[in-house]
Structures are given as C-alpha cells and as structure tokens.
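Peer 1: Supplied structure: protein.cif, mmCIF, C-alpha atoms.
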```
data_coords
loop_
_atom_site.label_atom_id
_atom_site.label_comp_id
_atom_site.auth_asym_id
_atom_site.auth_seq_id
_atom_site.Cartn_x
_atom_site.Cartn_y
_atom_site.Cartn_z
CA MET A 55 0.00 0.00 0.00
CA ARG A 56 1.26 3.47 -0.94
CA GLY A 57 0.26 7.00 -0.11
CA VAL A 58 0.88 10.43 -1.58
CA PHE A 59 0.74 13.78 0.20
CA VAL A 60 -0.60 15.52 -2.88
CA ASP A 61 -0.25 19.23 -2.01
CA ALA A 62 2.31 19.72 0.73
CA SER A 63 3.70 23.08 1.69
CA GLU A 64 7.39 23.00 2.51
CA GLU A 65 6.57 23.39 6.21
CA LEU A 66 4.17 20.42 6.24
CA ALA A 67 6.50 18.36 4.05
CA LEU A 68 9.36 18.76 6.52
CA ILE A 69 7.12 17.79 9.43
CA MET A 70 5.87 14.75 7.49
CA GLU A 71 9.43 13.63 6.91
CA ARG A 72 10.46 14.28 10.49
CA LEU A 73 7.58 12.24 11.93
CA THR A 74 8.17 9.24 9.69
CA GLN A 75 8.85 6.12 11.74
CA PRO A 76 10.70 2.91 10.82
CA GLY A 77 8.31 0.50 9.16
CA ASP A 78 5.86 3.16 7.99
CA ILE A 79 4.20 2.72 4.64
CA THR A 80 5.66 4.75 1.81
CA VAL A 81 4.05 8.20 1.57
CA ARG A 82 5.52 10.21 -1.29
CA ILE A 83 5.43 13.96 -0.74
CA ASN A 84 4.51 16.22 -3.63
CA ARG A 85 5.91 19.62 -2.70
CA ASN A 86 3.91 21.50 -5.35
CA GLU A 87 1.10 22.92 -3.21
CA ASP A 88 -0.47 24.62 -6.24
CA ILE A 89 -1.55 21.53 -8.14
CA THR A 90 -5.00 21.48 -9.72
CA SER A 91 -7.69 18.86 -9.40
CA ALA A 92 -6.89 17.68 -12.91
CA ASP A 93 -3.35 16.83 -11.76
CA LEU A 94 -4.52 14.35 -9.14
CA PRO A 95 -4.58 11.15 -11.24
CA THR A 96 -0.98 11.77 -12.33
CA VAL A 97 0.24 12.84 -8.89
CA LEU A 98 -1.34 9.83 -7.18
CA ASP A 99 -0.09 7.39 -9.81
CA GLY A 100 -2.17 4.49 -8.52
CA ALA A 101 -1.61 5.10 -4.80
CA GLU A 102 -4.30 3.87 -2.45
CA ILE A 103 -4.06 6.78 0.02
CA ALA A 104 -4.22 10.50 -0.78
CA VAL A 105 -3.27 12.95 1.95
CA VAL A 106 -5.02 16.20 0.99
CA ASP A 107 -4.50 19.63 2.51
CA HIS A 108 -6.43 22.05 0.28
CA THR A 109 -6.90 20.59 -3.22
CA TYR A 110 -10.44 20.09 -4.50
CA VAL A 111 -11.29 16.46 -5.28
CA PRO A 112 -14.29 16.42 -7.67
CA THR A 113 -16.01 13.06 -7.93
CA ASP A 114 -15.34 12.78 -11.67
CA ILE A 115 -11.61 13.30 -11.03
CA ALA A 116 -11.61 10.76 -8.18
CA LYS A 117 -13.04 8.19 -10.60
CA GLN A 118 -9.89 8.63 -12.70
CA CYS A 119 -7.57 7.96 -9.73
CA THR A 120 -7.00 4.26 -10.22
CA GLY A 121 -6.49 2.44 -6.94
CA LEU A 122 -7.58 5.31 -4.68
CA LYS A 123 -9.34 3.93 -1.59
CA HIS A 124 -8.69 6.47 1.15
CA ILE A 125 -8.46 10.26 1.43
CA VAL A 126 -6.93 11.61 4.62
CA PHE A 127 -8.13 15.20 4.69
CA LEU A 128 -6.03 17.53 6.82
CA GLY A 129 -8.81 19.07 8.86
CA THR A 130 -12.54 18.80 9.42
CA GLY A 131 -13.90 20.74 6.43
CA ALA A 132 -13.63 18.06 3.75
CA ARG A 133 -17.14 18.78 2.47
CA SER A 134 -15.91 22.17 1.29
CA TYR A 135 -13.45 20.39 -1.02
CA MET A 136 -15.18 17.19 -2.07
CA ASN A 137 -18.53 15.38 -2.09
CA VAL A 138 -17.88 12.93 0.72
CA ASP A 139 -21.06 10.91 0.12
CA GLU A 140 -20.35 10.44 -3.59
CA LEU A 141 -16.77 9.43 -2.87
CA GLU A 142 -17.83 6.89 -0.27
CA ALA A 143 -20.33 5.47 -2.77
CA LEU A 144 -17.33 4.88 -5.04
CA GLY A 145 -15.57 2.99 -2.24
CA ILE A 146 -13.28 5.87 -1.29
CA ALA A 147 -13.30 6.50 2.48
CA VAL A 148 -12.71 10.07 3.65
CA HIS A 149 -10.91 10.46 6.98
CA LEU A 150 -11.06 13.74 8.90
CA ILE A 151 -8.62 15.07 11.49
CA ARG A 152 -10.22 16.73 14.48
CA GLY A 153 -8.85 18.61 17.44
CA TYR A 154 -5.37 19.29 16.11
CA GLY A 155 -5.80 23.06 16.06
CA ASP A 156 -8.41 23.73 18.74
CA THR A 157 -6.19 26.10 20.70
CA ALA A 158 -4.83 27.82 17.58
CA VAL A 159 -8.29 28.52 16.14
CA ALA A 160 -9.67 29.59 19.51
CA GLU A 161 -6.85 32.07 19.94
CA MET A 162 -7.55 33.51 16.48
CA ALA A 163 -11.22 33.92 17.37
CA ILE A 164 -10.18 35.72 20.55
CA ALA A 165 -7.72 37.89 18.59
CA HIS A 166 -10.47 38.88 16.17
CA MET A 167 -12.79 39.63 19.08
CA TRP A 168 -10.35 41.99 20.76
CA ALA A 169 -9.37 43.63 17.47
CA ALA A 170 -13.04 44.20 16.66
CA ALA A 171 -13.86 45.60 20.09
CA ARG A 172 -11.08 48.18 19.90
CA GLY A 173 -11.04 48.84 16.13
CA ILE A 174 -7.36 47.97 15.90
CA ALA A 175 -7.25 47.05 12.21
CA GLU A 176 -9.10 50.18 11.14
CA GLN A 177 -6.89 52.44 13.28
CA ASP A 178 -3.81 50.76 11.82
CA ARG A 179 -5.02 51.32 8.24
CA GLU A 180 -5.85 54.97 8.91
CA MET A 181 -2.55 55.72 10.65
CA ARG A 182 -0.60 54.20 7.77
CA ALA A 183 -2.54 56.58 5.52
CA GLY A 184 -1.50 59.52 7.68
CA ASN A 185 -4.77 59.89 9.60
CA TRP A 186 -4.98 60.08 13.40
CA LEU A 187 -8.12 57.98 13.91
CA ARG A 188 -9.39 57.73 17.48
CA ASP A 189 -12.62 56.02 18.39
CA GLU A 190 -14.58 54.74 21.37
CA GLY A 191 -13.79 51.07 21.94
CA MET A 192 -15.78 48.36 23.66
CA GLU A 193 -14.56 46.94 26.97
CA LEU A 194 -15.12 43.19 26.97
CA THR A 195 -14.69 42.49 30.68
CA GLY A 196 -18.16 41.83 32.03
CA LYS A 197 -19.66 41.43 28.54
CA THR A 198 -21.30 38.26 27.18
CA ILE A 199 -19.95 36.05 24.42
CA GLY A 200 -22.30 33.60 22.71
CA LEU A 201 -20.88 30.44 21.15
CA ILE A 202 -22.81 28.85 18.29
CA GLY A 203 -21.71 25.22 18.36
CA PHE A 204 -19.65 23.76 21.16
CA GLY A 205 -16.84 21.40 20.23
CA GLY A 206 -13.17 21.50 21.11
CA ILE A 207 -12.53 24.96 19.65
CA ALA A 208 -15.50 26.54 21.42
CA ALA A 209 -14.40 24.91 24.68
CA GLU A 210 -11.03 26.63 24.30
CA VAL A 211 -12.74 29.96 23.56
CA ALA A 212 -14.83 29.46 26.69
CA ARG A 213 -11.75 28.74 28.78
CA ILE A 214 -10.02 31.92 27.62
CA THR A 215 -13.03 34.22 27.82
CA LEU A 216 -14.12 32.98 31.23
CA GLY A 217 -10.61 33.74 32.41
CA SER A 218 -10.88 37.28 31.09
CA GLY A 219 -14.06 38.05 32.99
CA MET A 220 -16.70 37.46 30.33
CA LYS A 221 -20.00 35.64 30.69
CA VAL A 222 -20.32 32.70 28.27
CA LEU A 223 -23.56 31.50 26.70
CA ALA A 224 -23.63 28.59 24.25
CA TRP A 225 -25.96 26.74 21.93
CA ASN A 226 -25.22 23.26 20.63
CA ARG A 227 -27.28 20.78 18.63
CA SER A 228 -26.75 18.06 21.25
CA PRO A 229 -26.60 18.44 25.04
CA LYS A 230 -23.24 19.62 26.37
CA SER A 231 -21.86 20.88 29.65
CA TYR A 232 -18.78 22.91 30.53
CA PRO A 233 -17.90 24.60 33.84
CA GLY A 234 -19.03 28.22 33.85
CA VAL A 235 -20.88 28.05 30.52
CA GLU A 236 -24.66 28.50 30.35
CA PHE A 237 -26.19 26.37 27.60
CA THR A 238 -29.44 27.73 26.23
CA ASP A 239 -31.50 28.11 23.05
CA MET A 240 -30.26 29.83 19.90
CA GLU A 241 -32.56 32.84 20.28
CA THR A 242 -31.27 33.59 23.77
CA VAL A 243 -27.66 33.31 22.70
CA LEU A 244 -28.21 35.65 19.75
CA SER A 245 -30.25 38.27 21.60
CA GLN A 246 -28.20 38.47 24.81
CA SER A 247 -24.61 38.27 23.55
CA ASP A 248 -22.31 41.20 22.88
CA VAL A 249 -20.08 38.92 20.82
CA ILE A 250 -21.25 35.96 18.70
CA SER A 251 -18.59 33.42 17.73
CA ILE A 252 -19.42 30.59 15.30
CA HIS A 253 -18.02 27.10 15.83
CA LEU A 254 -19.86 24.71 13.52
CA LEU A 255 -18.86 22.24 10.84
CA LEU A 256 -20.27 23.01 7.40
CA ASN A 257 -22.86 20.50 6.24
CA ASP A 258 -26.35 20.53 4.73
CA GLU A 259 -27.85 21.38 8.12
CA THR A 260 -25.54 24.28 8.96
CA ARG A 261 -25.14 25.85 5.50
CA GLY A 262 -26.77 29.27 5.72
CA MET A 263 -27.78 28.67 9.36
CA ILE A 264 -27.01 32.26 10.39
CA THR A 265 -29.82 33.72 8.32
CA ARG A 266 -30.98 37.29 7.88
CA GLU A 267 -33.60 36.68 10.57
CA ARG A 268 -31.01 35.35 13.03
CA ILE A 269 -28.69 38.29 12.34
CA SER A 270 -31.60 40.62 13.07
CA GLN A 271 -32.05 38.85 16.43
CA MET A 272 -28.51 39.78 17.46
CA LYS A 273 -28.10 42.65 19.90
CA LYS A 274 -27.57 46.02 18.18
CA GLY A 275 -23.85 46.77 18.22
CA ALA A 276 -22.83 43.12 18.59
CA ILE A 277 -19.60 41.71 17.18
CA LEU A 278 -19.73 38.67 14.89
CA ILE A 279 -16.71 36.33 14.72
CA ASN A 280 -16.44 33.50 12.18
CA THR A 281 -13.47 31.13 12.20
CA ALA A 282 -15.61 28.15 11.10
CA ARG A 283 -16.85 28.31 7.49
CA GLY A 284 -18.02 31.28 5.46
CA ALA A 285 -21.09 29.55 4.02
CA ILE A 286 -22.65 29.17 7.47
CA VAL A 287 -23.52 32.89 7.43
CA ASP A 288 -25.81 34.72 4.99
CA GLN A 289 -23.09 37.03 3.64
CA ALA A 290 -25.42 39.59 2.07
CA ALA A 291 -27.40 39.93 5.29
CA MET A 292 -24.21 40.26 7.33
CA ILE A 293 -22.93 43.03 5.05
CA GLU A 294 -26.23 44.93 5.34
CA ALA A 295 -26.06 44.64 9.14
CA LEU A 296 -22.49 45.93 9.17
CA ARG A 297 -23.31 48.88 6.93
CA SER A 298 -26.39 49.81 8.95
CA GLY A 299 -24.55 49.60 12.26
CA HIS A 300 -26.73 46.78 13.56
CA LEU A 301 -23.46 44.84 13.81
CA ARG A 302 -20.58 46.80 15.27
CA HIS A 303 -17.90 44.71 13.56
CA ALA A 304 -17.18 41.33 11.99
CA GLY A 305 -13.96 39.39 12.40
CA LEU A 306 -13.71 36.87 9.56
CA ASP A 307 -11.14 34.17 8.90
CA VAL A 308 -13.34 32.22 6.45
CA PHE A 309 -15.29 33.13 3.31
CA GLU A 310 -17.73 31.66 0.81
CA ILE A 311 -15.05 31.94 -1.91
CA GLU A 312 -11.41 31.34 -1.00
CA PRO A 313 -9.01 32.93 -1.66
CA LEU A 314 -11.10 36.07 -1.26
CA PRO A 315 -11.12 37.77 -4.70
CA ALA A 316 -9.38 41.11 -5.08
CA GLY A 317 -11.81 43.97 -4.68
CA HIS A 318 -14.39 41.82 -2.90
CA VAL A 319 -17.06 43.90 -1.15
CA LEU A 320 -15.83 42.75 2.26
CA THR A 321 -12.50 44.49 1.62
CA THR A 322 -14.33 47.81 1.21
CA ILE A 323 -16.17 47.82 4.54
CA PRO A 324 -14.25 49.55 7.34
CA ASN A 325 -15.84 47.67 10.25
CA VAL A 326 -14.59 44.26 9.11
CA THR A 327 -11.30 42.62 10.06
CA LEU A 328 -10.10 39.93 7.64
CA SER A 329 -7.59 37.10 7.88
CA ALA A 330 -6.79 34.54 5.21
CA HIS A 331 -8.25 31.30 6.64
CA SER A 332 -5.15 31.00 8.77
CA ALA A 333 -6.58 30.46 12.26
CA PHE A 334 -5.20 26.92 12.38
CA ARG A 335 -1.75 27.86 11.10
CA THR A 336 0.70 27.60 13.99
CA PRO A 337 3.75 25.32 14.27
CA GLU A 338 2.13 23.52 17.18
CA ALA A 339 -1.08 22.83 15.26
CA SER A 340 0.86 21.72 12.16
CA ILE A 341 2.78 19.13 14.17
CA ASN A 342 -0.47 17.85 15.72
CA LEU A 343 -2.03 17.71 12.25
CA ILE A 344 0.69 15.70 10.54
CA ASP A 345 1.10 13.40 13.53
CA ALA A 346 -2.61 12.61 13.28
CA ALA A 347 -2.33 12.11 9.50
CA TRP A 348 0.43 9.55 10.02
CA LYS A 349 -1.71 7.73 12.57
CA HIS A 350 -4.54 7.52 10.03
CA CYS A 351 -2.17 6.18 7.37
CA ARG A 352 -0.79 3.56 9.76
CA ARG A 353 -4.28 2.39 10.74
CA ILE A 354 -5.34 2.18 7.11
CA ALA A 355 -2.25 0.12 6.26
CA GLY A 356 -3.01 -2.21 9.13
#
```
Kindly present the structure from the file in structure tokens form.
Peer 2:
Amino acid sequence: MRGVFVDASEELALIMERLTQPGDITVRINRNEDITSADLPTVLDGAEIAVVDHTYVPTDIAKQCTGLKHIVFLGTGARSYMNVDELEALGIAVHLIRGYGDTAVAEMAIAHMWAAARGIAEQDREMRAGNWLRDEGMELTGKTIGLIGFGGIAAEVARITLGSGMKVLAWNRSPKSYPGVEFTDMETVLSQSDVISIHLLLNDETRGMITRERISQMKKGAILINTARGAIVDQAAMIEALRSGHLRHAGLDVFEIEPLPAGHVLTTIPNVTLSAHSAFRTPEASINLIDAAWKHCRRIAG
C-alpha cells in the first residue's frame, strides 16, 4: 500500500518527513502545493491513500484515480473540497482530522474579538494613511460572548473568555456541559450576547444557518466572529447589518469563496477585520495535524 501527500507546503512536508517512523508505509510527498484537481490522477499514480490539505477532489476526477481507496483530509472541512457521500459510494473512504488546532483557532477567534472591540485594524489602516483615527472602543470584561456550536474549539474559547471576565452562553445541537458556561437556546444566545462566535462544521444542516432573521435577532452593536466556514452565514445579510450599524464589527477568517477575490465587497467595509483562513496555522497545530495524518495512514495500512 502506498500513499501520496498531494499538495504539501514545505513546512508540512518537513514535518511529514520528520515524523516518519521505521516500518511506515511509503508516503511520497509532492511539494507542489499549487496543483490542480486535474493533476490528481498523475500525482497519485495508482496510490491507495491520498493525503489532501487544500486541493479540490471532484467526484469525476476521483473516478480517474486508479487504486484510490482512502483520502486523509487535513482538517474537518472536507465537504468544502469534495462530495464525501459520492466518494464513499465509489468505495473511497474520507478520513477527517479533528482537534489538532483547537487552541490555535480559539486564539484567532479571541484575537479577532479583541481587534473588533477596539477597532485595531481600522486604526492601523488609517494611521498608515496619515490619519490620526481615534474612536470609542468596547470593553469586553463583564460582557457576554455567545458560542454557536460547542466542540473542542468553542471549549477553548470558553476557557479563555471565562478567564478574562466574560459571561459565556452557548448553543449546541446536542446536550453539552462545561464549567461556567450557560447552555441555552439559539434565540437567547443571539439576543443576549455582545459577541457571537461561530463554531460549527459546514454541512447541509448548517449551511446558511445564520440567516438574515437570526442576524436581526442579534443585539444592536454586537460583534460577529467567524473562524468556522463562510457559508454558514448569509453574507449579504451580514454586510447589510455591518453597513447599517446593527453589527458593530465582523472578524472573519473564512469566506464563501477562497481565496477572497481582489476587490471583494468585504474588503471595502471599514468595520470588518479579515484574515486569510489562517486560524489553524501555527507550528504547534501543524505538528499535531501531521502526527494525526500519520496515525490515520498507519491504521489504514493495518
């Protein structure tokens, strides 16, 4: 059995090599991280396992990958890059990696929250342009953060925000408990929170879940943070709420289209802070990620 890491950055490639153990199956590393979907049959060259970081795997292309039986996707958002159900119907199992970057993503959500509350990105832009912009910020101590979805990342956000003197509300599709966190219904979380932070996987149930109506239920002047997936939020409704002042600010690490196109409307709105889907990108998270990928490959190989 062979594997191929089809789209490795140099950083991930070096970690993959460093974590290789005696007796491991052969996993060839393709260091061209800019391959296209059409390149996959050639890059895989009959290998049974594809380790995929960010390359789209359309079902019609997967059918051309002779021998492919397993895709180890480096993260939890495989459905943004492939049709998991169609692939599994073809006999190709898709393996996800969870938990590797919980702390990294939580810290990015917190960073966006603080930047939004104090307008740091906007002040930085204005000062670079020669303007002395000063504005009233929001103190977060004593305020309420609402977490939509409560997995490992949200638990880390709760840990950090509780420690900074915030009240934490949370909604989750299944019952959860966490010390200091009040679990309640979606409407209560939306209407009572000064900050809303989204922590959901993208699937058919969550796509578009933060609708225009739900945005209107948010407290006037609330901050919206999204480090999950862009398609969970009605983008047009969010933009209207930002322009009208119903939302004070949005901190976004994820978008419906990635990379975000040049000149996109979100880049023109002053009360938005943007980062390039990089919440999970820390050396610590990368080591956790590749270590978990190796464990998947070893289990698959038996």
Peer 1: When you draw a straight line from CA of Ala224 in chain A to CA of Phe204 in chain A, how long is it in Å?
Peer 2: 7.0 Å
Peer 1: Run the PyMOL selection byres ((chain A and resi 229-245) around 10) on the file and write out the hits as a PyMOL selection string.
Peer 2: chain A and resi 198-205+209+212-213+216+221-228+246-250+268-274+276
Peer 1: If we count only C-alpha atoms and set the cut-off at 9 Å, which residues sit around Thr113 in chain A, ignoring sequence neighbours fewer than 5 positions away in its own chain? Please answer as a list in words.
Peer 2: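 Returned residues: Gln118, Met136, Asn137, Val138, Glu140, Leu141 and Leu144 of chain A.
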Peer 1: Report as a list of chain:residue names all protein, DNA and RNA residues lying within 10 Å of Ile151 in chain A, evaluated on only C-alpha atoms, omitting residues in the same chain fewer than 4 positions from it.
Peer 2: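 Here the answer would be A:Val126, A:Phe127, A:Leu128, A:Gly129, A:Thr130, A:Gly131, A:Ala132, A:Gly155, A:Asn342, A:Leu343, A:Ile344, A:Ala346, A:Ala347, A:His350.
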Peer 1: Check what the PyMOL selection byres ((chain A and resi 307-324) around 7) selects in the file above and give those residues as a list of chain:residue names.
Peer 2: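 So the PyMOL selection byres ((chain A and resi 307-324) around 7), applied here, picks out A:Glu176, A:Asn280, A:Thr281, A:Ala282, A:Arg283, A:Gly284, A:Ala285, A:Gly305, A:Leu306, A:Asn325, A:Val326, A:Leu328, A:Ser329, A:Ala330, A:His331, A:Ser332, A:Ala333.
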Peer 1: Could you write out that same residue set with C-alpha atoms as a CSV table (one decimal), keeping the file's coordinate frame?
Peer 2:
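again-v1.csv written:
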```csv
chain,number,residue,atom,x,y,z
A,176,GLU,CA,-9.1,50.2,11.1
A,280,ASN,CA,-16.4,33.5,12.2
A,281,THR,CA,-13.5,31.1,12.2
A,282,ALA,CA,-15.6,28.2,11.1
A,283,ARG,CA,-16.8,28.3,7.5
A,284,GLY,CA,-18.0,31.3,5.5
A,285,ALA,CA,-21.1,29.6,4.0
A,305,GLY,CA,-14.0,39.4,12.4
A,306,LEU,CA,-13.7,36.9,9.6
A,325,ASN,CA,-15.8,47.7,10.2
A,326,VAL,CA,-14.6,44.3,9.1
A,328,LEU,CA,-10.1,39.9,7.6
A,329,SER,CA,-7.6,37.1,7.9
A,330,ALA,CA,-6.8,34.5,5.2
A,331,HIS,CA,-8.2,31.3,6.6
A,332,SER,CA,-5.2,31.0,8.8
A,333,ALA,CA,-6.6,30.5,12.3
```
Peer 1: Under the rule that all atoms listed in the file are counted, which of A:Gly100, A:Val111, A:Thr157, A:Ile279 is the nearest residue to Pro337 in chain A?
Peer 2: A:Thr157
Peer 1: Calculate how many Å separate CA of His108 in chain A from CA of Asp78 in chain A, rounding to one decimal.
Peer 2: 23.8 Å
Peer 1: Go ahead and compute the interatomic distance for CA of Val60 in chain A and CA of Thr96 in chain A, in Å to one decimal.
Peer 2: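 The value is 10.2 Å.
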Peer 1: Skipping near chain neighbours, those fewer than 4 positions away, what residues fall within 12 Å of Ala92 in chain A using only C-alpha atoms, listed as a PyMOL selection string?
Peer 2: chain A and resi 88+96-98+109-119
Peer 1: Name the residues, using the chain letters and numbers of the file, that sit within 12 Å of (2.5, 17.0, 6.6) when counting all atoms listed in the file, and give them as a PyMOL selection string.
Peer 2: chain A and resi 58-74+81-85+87+104-107+126-129+337+339-349+351
Peer 1: Name the closest residue to Asp156 in chain A among the candidates A:Glu259, A:Gly206, A:Trp168, A:Arg266; distances are taken between atoms, counting all atoms listed in the file.
Peer 2: A:Gly206
Peer 1: Which polymer residues have any atom within 10 Å of an atom of Asp99 in chain A, counting all atoms listed in the file, with same-chain residues fewer than 4 positions away left out, as a list in words?
Peer 2: Arg56, Gly57, Val58, Leu94, Pro95, Cys119, Thr120, Gly121 and Leu122 of chain A
Peer 1: Just range 269-280 of chain A, please, as an mmCIF file, in the first residue's frame (only all heavy atoms).
Peer 2:
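part-v3.cif written:
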```
data_model
loop_
_atom_site.group_PDB
_atom_site.id
_atom_site.type_symbol
_atom_site.label_atom_id
_atom_site.label_comp_id
_atom_site.auth_asym_id
_atom_site.auth_seq_id
_atom_site.Cartn_x
_atom_site.Cartn_y
_atom_site.Cartn_z
ATOM 1 N N ILE A 269 -29.539 37.098 12.181
ATOM 2 C CA ILE A 269 -28.686 38.286 12.345
ATOM 3 C C ILE A 269 -29.498 39.426 12.939
ATOM 4 O O ILE A 269 -29.013 40.173 13.797
ATOM 5 C CB ILE A 269 -28.050 38.677 10.994
ATOM 6 C CG1 ILE A 269 -27.017 37.611 10.578
ATOM 7 C CG2 ILE A 269 -27.392 40.052 11.084
ATOM 8 C CD1 ILE A 269 -26.455 37.808 9.190
ATOM 9 N N SER A 270 -30.758 39.554 12.521
ATOM 10 C CA SER A 270 -31.603 40.620 13.066
ATOM 11 C C SER A 270 -31.901 40.406 14.543
ATOM 12 O O SER A 270 -32.206 41.356 15.278
ATOM 13 C CB SER A 270 -32.917 40.718 12.278
ATOM 14 O OG SER A 270 -33.758 39.605 12.555
ATOM 15 N N GLN A 271 -31.830 39.146 15.019
ATOM 16 C CA GLN A 271 -32.054 38.850 16.435
ATOM 17 C C GLN A 271 -30.859 39.220 17.306
ATOM 18 O O GLN A 271 -30.992 39.309 18.531
ATOM 19 C CB GLN A 271 -32.365 37.359 16.607
ATOM 20 C CG GLN A 271 -33.697 36.924 16.020
ATOM 21 C CD GLN A 271 -33.864 35.410 16.038
ATOM 22 O OE1 GLN A 271 -32.916 34.661 16.283
ATOM 23 N NE2 GLN A 271 -35.078 34.961 15.783
ATOM 24 N N MET A 272 -29.693 39.428 16.683
ATOM 25 C CA MET A 272 -28.514 39.780 17.463
ATOM 26 C C MET A 272 -28.671 41.178 18.061
ATOM 27 O O MET A 272 -29.319 42.050 17.496
ATOM 28 C CB MET A 272 -27.260 39.735 16.576
ATOM 29 C CG MET A 272 -26.934 38.345 16.073
ATOM 30 S SD MET A 272 -25.465 38.339 14.978
ATOM 31 C CE MET A 272 -25.528 36.642 14.376
ATOM 32 N N LYS A 273 -28.070 41.370 19.204
ATOM 33 C CA LYS A 273 -28.102 42.651 19.899
ATOM 34 C C LYS A 273 -27.502 43.742 19.005
ATOM 35 O O LYS A 273 -26.486 43.527 18.344
ATOM 36 C CB LYS A 273 -27.296 42.531 21.200
ATOM 37 C CG LYS A 273 -27.307 43.762 22.068
ATOM 38 C CD LYS A 273 -26.387 43.584 23.262
ATOM 39 C CE LYS A 273 -26.894 42.573 24.248
ATOM 40 N NZ LYS A 273 -26.073 42.560 25.505
ATOM 41 N N LYS A 274 -28.123 44.906 18.956
ATOM 42 C CA LYS A 274 -27.573 46.016 18.175
ATOM 43 C C LYS A 274 -26.191 46.375 18.717
ATOM 44 O O LYS A 274 -26.014 46.545 19.932
ATOM 45 C CB LYS A 274 -28.484 47.233 18.225
ATOM 46 C CG LYS A 274 -27.956 48.421 17.421
ATOM 47 C CD LYS A 274 -28.945 49.546 17.377
ATOM 48 C CE LYS A 274 -28.361 50.787 16.704
ATOM 49 N NZ LYS A 274 -27.845 50.519 15.349
ATOM 50 N N GLY A 275 -25.221 46.477 17.818
ATOM 51 C CA GLY A 275 -23.853 46.772 18.222
ATOM 52 C C GLY A 275 -23.033 45.550 18.577
ATOM 53 O O GLY A 275 -21.910 45.677 19.070
ATOM 54 N N ALA A 276 -23.566 44.355 18.290
ATOM 55 C CA ALA A 276 -22.830 43.121 18.593
ATOM 56 C C ALA A 276 -21.683 42.930 17.604
ATOM 57 O O ALA A 276 -21.665 43.493 16.503
ATOM 58 C CB ALA A 276 -23.760 41.922 18.547
ATOM 59 N N ILE A 277 -20.736 42.113 18.018
ATOM 60 C CA ILE A 277 -19.597 41.713 17.177
ATOM 61 C C ILE A 277 -19.829 40.287 16.719
ATOM 62 O O ILE A 277 -20.209 39.423 17.524
ATOM 63 C CB ILE A 277 -18.284 41.811 17.977
ATOM 64 C CG1 ILE A 277 -17.948 43.271 18.289
ATOM 65 C CG2 ILE A 277 -17.131 41.147 17.227
ATOM 66 C CD1 ILE A 277 -16.836 43.430 19.307
ATOM 67 N N LEU A 278 -19.592 40.020 15.438
ATOM 68 C CA LEU A 278 -19.728 38.670 14.887
ATOM 69 C C LEU A 278 -18.349 38.148 14.502
ATOM 70 O O LEU A 278 -17.623 38.804 13.756
ATOM 71 C CB LEU A 278 -20.633 38.678 13.658
ATOM 72 C CG LEU A 278 -20.815 37.340 12.929
ATOM 73 C CD1 LEU A 278 -21.482 36.312 13.818
ATOM 74 C CD2 LEU A 278 -21.613 37.534 11.631
ATOM 75 N N ILE A 279 -17.992 36.965 15.016
ATOM 76 C CA ILE A 279 -16.711 36.330 14.715
ATOM 77 C C ILE A 279 -16.970 35.010 14.013
ATOM 78 O O ILE A 279 -17.770 34.193 14.491
ATOM 79 C CB ILE A 279 -15.893 36.068 16.004
ATOM 80 C CG1 ILE A 279 -15.739 37.349 16.838
ATOM 81 C CG2 ILE A 279 -14.540 35.452 15.655
ATOM 82 C CD1 ILE A 279 -14.971 38.443 16.163
ATOM 83 N N ASN A 280 -16.294 34.778 12.890
ATOM 84 C CA ASN A 280 -16.443 33.501 12.181
ATOM 85 C C ASN A 280 -15.078 32.936 11.815
ATOM 86 O O ASN A 280 -14.393 33.457 10.937
ATOM 87 C CB ASN A 280 -17.297 33.663 10.924
ATOM 88 C CG ASN A 280 -17.691 32.320 10.307
ATOM 89 O OD1 ASN A 280 -17.360 31.258 10.848
ATOM 90 N ND2 ASN A 280 -18.398 32.358 9.198
#
```
